[in-house]
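Student: Coordinates in coords.cif, mmCIF, C-alpha atoms, are listed below.
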data_model
loop_
_atom_site.label_atom_id
_atom_site.label_comp_id
_atom_site.auth_asym_id
_atom_site.auth_seq_id
_atom_site.Cartn_x
_atom_site.Cartn_y
_atom_site.Cartn_z
CA MET F 10 -9.47 -12.94 9.32
CA SER F 11 -6.52 -13.17 6.93
CA HIS F 12 -2.97 -14.19 7.88
CA TYR F 13 0.20 -13.08 6.10
CA PRO F 14 3.72 -14.25 7.04
CA TYR F 15 6.42 -11.62 7.40
CA SER F 16 8.70 -11.29 4.40
CA SER F 17 12.27 -12.54 4.79
CA GLU F 18 13.22 -10.34 1.82
CA TYR F 19 13.84 -7.69 4.50
CA SER F 20 16.37 -7.88 7.32
CA PRO F 21 14.94 -8.18 9.87
CA ALA F 22 11.81 -9.81 8.42
CA ALA F 23 9.03 -7.26 7.88
CA PRO F 24 5.22 -7.27 7.88
CA VAL F 25 3.66 -7.45 4.43
CA LEU F 26 0.16 -7.87 3.03
CA GLU F 27 -1.03 -9.18 -0.31
CA ILE F 28 -3.02 -6.61 -2.24
CA ASN F 29 -4.81 -6.41 -5.57
CA LEU F 30 -5.17 -3.21 -7.58
CA GLY F 31 -7.60 -1.87 -10.14
CA ALA F 32 -8.95 1.34 -11.57
CA PRO F 33 -11.54 3.03 -9.32
CA GLY F 34 -14.99 1.54 -9.68
CA THR F 35 -13.74 -1.68 -11.29
CA PRO F 36 -12.75 -5.06 -9.87
CA PRO F 37 -9.02 -5.45 -9.25
CA THR F 38 -7.12 -6.62 -12.32
CA LEU F 39 -3.56 -6.72 -10.96
CA GLY F 40 -2.22 -8.85 -8.17
CA PRO F 41 -1.63 -10.29 -5.79
CA LEU F 42 1.25 -7.94 -5.06
CA GLU F 43 3.33 -7.98 -1.88
CA ALA F 44 3.05 -4.66 -0.02
CA LEU F 45 5.27 -3.57 2.85
CA VAL F 46 3.30 -2.45 5.92
CA ASP F 47 4.80 0.93 6.92
CA THR F 48 3.00 2.49 9.88
CA GLY F 49 5.33 5.49 9.71
CA ALA F 50 4.41 6.39 6.13
CA ASP F 51 1.62 8.94 5.65
CA ALA F 52 0.81 7.77 2.14
CA THR F 53 0.75 4.57 0.12
CA LEU F 54 3.33 4.33 -2.68
CA ILE F 55 2.68 2.31 -5.82
CA PRO F 56 5.32 1.92 -8.54
CA MET F 57 4.33 3.66 -11.77
CA LYS F 58 4.66 0.40 -13.74
CA TYR F 59 1.65 -0.97 -11.80
CA LEU F 60 -0.35 2.25 -12.12
CA ARG F 61 0.16 2.19 -15.88
CA GLN F 62 -0.94 -1.46 -16.07
CA ILE F 63 -4.30 -0.71 -14.43
CA GLY F 64 -4.84 2.60 -16.24
CA ALA F 65 -4.89 4.66 -13.04
CA ARG F 66 -5.62 8.33 -13.56
CA LYS F 67 -3.69 11.20 -12.04
CA VAL F 68 -5.94 13.19 -9.70
CA ASP F 69 -3.67 15.71 -7.99
CA GLN F 70 -0.19 16.65 -6.86
CA ALA F 71 1.18 17.00 -3.34
CA ALA F 72 4.42 17.84 -1.57
CA LEU F 73 5.71 14.95 0.52
CA ARG F 74 8.61 14.86 2.94
CA SER F 75 10.89 11.84 2.93
CA GLN F 76 12.25 10.18 6.04
CA TRP F 77 15.42 12.25 5.45
CA GLY F 78 13.49 15.53 5.57
CA GLU F 79 13.63 16.44 1.88
CA HIS F 80 10.47 17.74 0.21
CA ARG F 81 9.39 16.53 -3.20
CA LEU F 82 6.42 17.18 -5.48
CA VAL F 83 4.62 13.91 -6.26
CA SER F 84 1.68 12.86 -8.40
CA LEU F 85 -1.38 11.29 -6.77
CA TYR F 86 -3.45 8.61 -8.50
CA ALA F 87 -6.86 7.09 -7.71
CA VAL F 88 -6.90 3.30 -7.45
CA ALA F 89 -9.09 0.53 -6.10
CA VAL F 90 -7.32 -1.56 -3.45
CA GLU F 91 -8.31 -5.01 -2.24
CA ILE F 92 -6.78 -6.60 0.85
CA GLY F 93 -8.27 -9.97 1.73
CA GLN F 94 -12.05 -9.45 1.83
CA ARG F 95 -11.72 -5.66 2.16
CA HIS F 96 -12.29 -3.55 -0.94
CA PHE F 97 -11.55 0.17 -1.07
CA ALA F 98 -13.09 1.65 -4.20
CA ALA F 99 -11.01 4.83 -4.53
CA VAL F 100 -7.77 5.39 -2.64
CA TRP F 101 -5.33 8.15 -3.48
CA VAL F 102 -1.77 6.83 -3.78
CA VAL F 103 1.61 8.28 -4.67
CA GLY F 104 2.98 7.20 -8.05
CA ASP F 105 6.56 6.07 -7.42
CA GLU F 106 8.78 6.74 -10.44
CA ILE F 107 11.94 5.39 -8.78
CA GLY F 108 11.20 2.32 -6.67
CA ASP F 109 9.63 -1.04 -7.45
CA GLU F 110 8.18 -1.70 -3.99
CA VAL F 111 4.55 -1.27 -2.91
CA VAL F 112 4.44 0.50 0.46
CA LEU F 113 1.16 0.61 2.40
CA GLY F 114 0.96 3.83 4.39
CA ARG F 115 -1.48 5.06 6.99
CA ASN F 116 -4.01 6.31 4.43
CA VAL F 117 -4.81 2.61 3.84
CA LEU F 118 -3.64 1.02 7.11
CA ASN F 119 -5.94 3.23 9.21
CA ARG F 120 -8.90 1.57 7.47
CA LEU F 121 -7.88 -1.88 8.74
CA ARG F 122 -7.69 -3.66 12.06
CA LEU F 123 -4.22 -5.21 12.06
CA LEU F 124 -2.30 -7.40 14.45
CA LEU F 125 1.46 -7.31 13.90
CA ASP F 126 2.72 -10.40 15.71
CA GLY F 127 6.49 -10.03 15.64
CA PRO F 128 7.38 -13.19 17.62
CA ALA F 129 5.23 -15.30 15.25
CA ALA F 130 6.39 -13.25 12.20
CA MET F 131 2.75 -12.97 11.12
CA THR F 132 0.39 -10.12 10.22
CA GLU F 133 -3.35 -10.62 10.71
CA VAL F 134 -6.06 -8.52 9.11
CA LEU F 135 -8.85 -8.80 11.67
CA ASP F 136 -12.55 -8.95 10.87
CA GLY F 137 -14.93 -6.21 11.87
CA PRO F 138 -15.06 -2.47 11.35
CA ALA F 139 -11.83 -0.56 11.22
#
Starting from the file, give its structure as structure tokens.
Tutor:
Amino acid sequence: MSHYPYSSEYSPAAPVLEINLGAPGTPPTLGPLEALVDTGADATLIPMKYLRQIGARKVDQAALRSQWGEHRLVSLYAVAVEIGQRHFAAVWVVGDEIGDEVVLGRNVLNRLRLLLDGPAAMTEVLDGPA
């Protein structure tokens, strides 16, 4: 089990996890990076500066809808993601050309057993199968 304190960089404080990134099939070479846990996001967003650093390759394009309802064509990249002792060899993520924040969406979060403990301002990644 891994414990991560909420980040006070957000108001109110928000759940975050530390992640490491790498090219698919290789050990992570970048991190730890702080990633916002966003259970309302369908996809994980990674800033392009990080994707370039690990040499991630573009694998597809998709149309995503923002929280404001606008649709946008985005590029998808394959990356390896490590969270605590969990390693995901090939996850498709959205390359974010605008922001500098890593956002973990449900395509990654649904592979984890998480406890978001708001009163304690702590996120736990629980052991066992997702």
Student: Which residues match the PyMOL selection byres ((chain F and resi 102) around 8) in the file above, as a list in words?
Tutor: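 So the PyMOL selection byres ((chain F and resi 102) around 8) ends up selecting Ala52, Thr53, Leu54, Ile55, Leu85, Tyr86, Ala87, Val88, Val100, Trp101, Val103 and Gly104 of chain F.
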Student: How far is it from atom CA of Leu113 of chain F to atom CA of Val46 of chain F, in Å with one decimal?
Tutor: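 These atoms are spaced 5.1 Å apart.
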Student: I'd like to see the residues matched by the PyMOL selection byres ((chain F and resi 19-23) around 12) on this file, and ideally I'd get them as an MDAnalysis selection string.
Tutor: chainID F and resid 13:18 24:26 43:48 110 112 125:132
Student: Leaving out segment 76-78 of chain F and any residue of its chain fewer than 4 positions from it, which residues lie within 12 Å of it when counting only C-alpha atoms, given as number ranges by chain?
Tutor: F: 47, 49-51, 72
Student: Take the residues from that selection and write them out as a compact mmCIF listing (two decimals), in the coordinates of the input, keeping C-alpha atoms.
Tutor:
# COMPACT_ATOMS: atom_id res chain seq x y z
CA ASP F 47 4.80 0.93 6.92
CA GLY F 49 5.33 5.49 9.71
CA ALA F 50 4.41 6.39 6.13
CA ASP F 51 1.62 8.94 5.65
CA ALA F 72 4.42 17.84 -1.57
Student: Please indicate the distance in Å from atom CA of Val134 of chain F to atom CA of Leu118 of chain F, rounded to one decimal place.
Tutor: 10.0 Å
Student: Out of F:Gly108, F:Gly114, F:Gly93, F:Pro33, which residue has the shortest atom-to-atom distance to His12 of chain F when counting all atoms listed in the file?
Tutor: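 Among the listed residues, F:Gly93 lies closest to His12 of chain F.
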Student: Between atom CA of Ile28 of chain F and atom CA of Val117 of chain F, what is the distance, to one decimal in Å?
Tutor: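 Interatomic distance here is 11.2 Å.
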Student: Looking at F:Ile63, F:Val83, F:Met10, F:Leu42, which one is nearest to Ile107 of chain F, with distances taken over all atoms listed in the file?
Tutor: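 The shortest atom-to-atom distance to Ile107 of chain F comes from F:Val83.
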Student: Would you please work out which residue, of F:Gln62, F:Asn29, F:Ser75, F:Gln70, is nearest to Phe97 of chain F when using all atoms listed in the file?
Tutor: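 Of F:Gln62, F:Asn29, F:Ser75, F:Gln70, the one nearest Phe97 of chain F, counting all atoms listed in the file, is F:Asn29.
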Student: Once the PyMOL selection byres ((chain F and resi 120) around 10) has been evaluated on this model, what residues remain selected, and can you format them as a PyMOL selection string?
Tutor: chain F and resi 95+97+115-119+121-123+138-139
Student: Considering only C-alpha atoms, can you say which of F:Val68, F:Leu135, F:Val111, F:Ala32 comes closest to Pro56 of chain F?
Tutor: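 Distance minimum relative to Pro56 of chain F lands on F:Val111.
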Student: Only all heavy atoms needed: put segment 63-75 of chain F from the block into a file as a short mmCIF file (atom, residue, chain, number, x, y, z; two decimals), in the first residue's frame.
Tutor:
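Result saved to selection-v8.cif:
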data_model
loop_
_atom_site.label_atom_id
_atom_site.label_comp_id
_atom_site.auth_asym_id
_atom_site.auth_seq_id
_atom_site.Cartn_x
_atom_site.Cartn_y
_atom_site.Cartn_z
N ILE F 63 10.68 11.41 -22.97
CA ILE F 63 10.76 9.95 -22.93
C ILE F 63 10.70 9.32 -24.31
O ILE F 63 10.80 8.11 -24.45
CB ILE F 63 9.66 9.34 -22.03
CG1 ILE F 63 8.27 9.63 -22.59
CG2 ILE F 63 9.82 9.81 -20.60
CD1 ILE F 63 7.15 8.86 -21.90
N GLY F 64 10.55 10.15 -25.35
CA GLY F 64 10.49 9.61 -26.71
C GLY F 64 9.22 8.84 -27.00
O GLY F 64 9.24 7.87 -27.76
N ALA F 65 8.11 9.27 -26.41
CA ALA F 65 6.83 8.60 -26.64
C ALA F 65 6.43 8.74 -28.10
O ALA F 65 6.67 9.77 -28.73
CB ALA F 65 5.75 9.20 -25.74
N ARG F 66 5.81 7.69 -28.63
CA ARG F 66 5.39 7.73 -30.03
C ARG F 66 3.89 7.94 -30.13
O ARG F 66 3.12 7.41 -29.34
CB ARG F 66 5.82 6.47 -30.76
CG ARG F 66 5.21 5.20 -30.24
CD ARG F 66 5.67 3.98 -31.06
NE ARG F 66 5.26 2.76 -30.42
CZ ARG F 66 4.04 2.24 -30.51
NH1 ARG F 66 3.12 2.85 -31.20
NH2 ARG F 66 3.73 1.11 -29.90
N LYS F 67 3.52 8.73 -31.14
CA LYS F 67 2.11 8.98 -31.41
C LYS F 67 1.50 7.71 -31.99
O LYS F 67 2.08 7.09 -32.89
CB LYS F 67 1.97 10.14 -32.39
CG LYS F 67 0.56 10.53 -32.71
CD LYS F 67 0.56 11.74 -33.62
CE LYS F 67 -0.81 12.00 -34.16
NZ LYS F 67 -0.82 13.15 -35.07
N VAL F 68 0.34 7.30 -31.47
CA VAL F 68 -0.28 6.06 -31.94
C VAL F 68 -1.64 6.28 -32.60
O VAL F 68 -2.10 5.41 -33.33
CB VAL F 68 -0.43 5.03 -30.79
CG1 VAL F 68 0.93 4.53 -30.34
CG2 VAL F 68 -1.21 5.59 -29.63
N ASP F 69 -2.28 7.41 -32.34
CA ASP F 69 -3.61 7.62 -32.90
C ASP F 69 -4.06 9.05 -32.63
O ASP F 69 -3.33 9.82 -31.99
CB ASP F 69 -4.60 6.64 -32.26
CG ASP F 69 -5.79 6.33 -33.16
OD1 ASP F 69 -5.97 6.98 -34.21
OD2 ASP F 69 -6.56 5.41 -32.80
N GLN F 70 -5.25 9.37 -33.11
CA GLN F 70 -5.91 10.62 -32.80
C GLN F 70 -7.31 10.31 -32.31
O GLN F 70 -7.88 9.27 -32.65
CB GLN F 70 -5.98 11.54 -34.02
CG GLN F 70 -4.65 12.14 -34.41
CD GLN F 70 -4.82 13.17 -35.50
OE1 GLN F 70 -5.58 12.96 -36.44
NE2 GLN F 70 -4.12 14.28 -35.37
N ALA F 71 -7.87 11.22 -31.52
CA ALA F 71 -9.23 11.04 -31.03
C ALA F 71 -9.86 12.41 -30.82
O ALA F 71 -9.17 13.41 -30.67
CB ALA F 71 -9.22 10.28 -29.70
N ALA F 72 -11.18 12.43 -30.81
CA ALA F 72 -11.91 13.65 -30.50
C ALA F 72 -12.32 13.57 -29.04
O ALA F 72 -12.94 12.59 -28.62
CB ALA F 72 -13.13 13.79 -31.39
N LEU F 73 -11.92 14.56 -28.26
CA LEU F 73 -12.30 14.62 -26.85
C LEU F 73 -13.18 15.83 -26.61
O LEU F 73 -13.04 16.85 -27.29
CB LEU F 73 -11.08 14.72 -25.95
CG LEU F 73 -10.20 13.49 -25.79
CD1 LEU F 73 -9.13 13.75 -24.74
CD2 LEU F 73 -11.01 12.28 -25.41
N ARG F 74 -14.04 15.70 -25.61
CA ARG F 74 -14.90 16.81 -25.22
C ARG F 74 -14.41 17.34 -23.88
O ARG F 74 -14.20 16.58 -22.94
CB ARG F 74 -16.34 16.34 -25.10
CG ARG F 74 -17.31 17.47 -24.85
CD ARG F 74 -18.69 16.94 -24.70
NE ARG F 74 -18.65 16.07 -23.51
CZ ARG F 74 -19.70 15.56 -22.94
NH1 ARG F 74 -20.88 15.78 -23.44
NH2 ARG F 74 -19.60 14.81 -21.86
N SER F 75 -14.24 18.64 -23.79
CA SER F 75 -13.78 19.26 -22.54
C SER F 75 -14.95 19.35 -21.56
O SER F 75 -16.10 19.09 -21.91
CB SER F 75 -13.22 20.65 -22.80
OG SER F 75 -14.28 21.57 -23.00
#
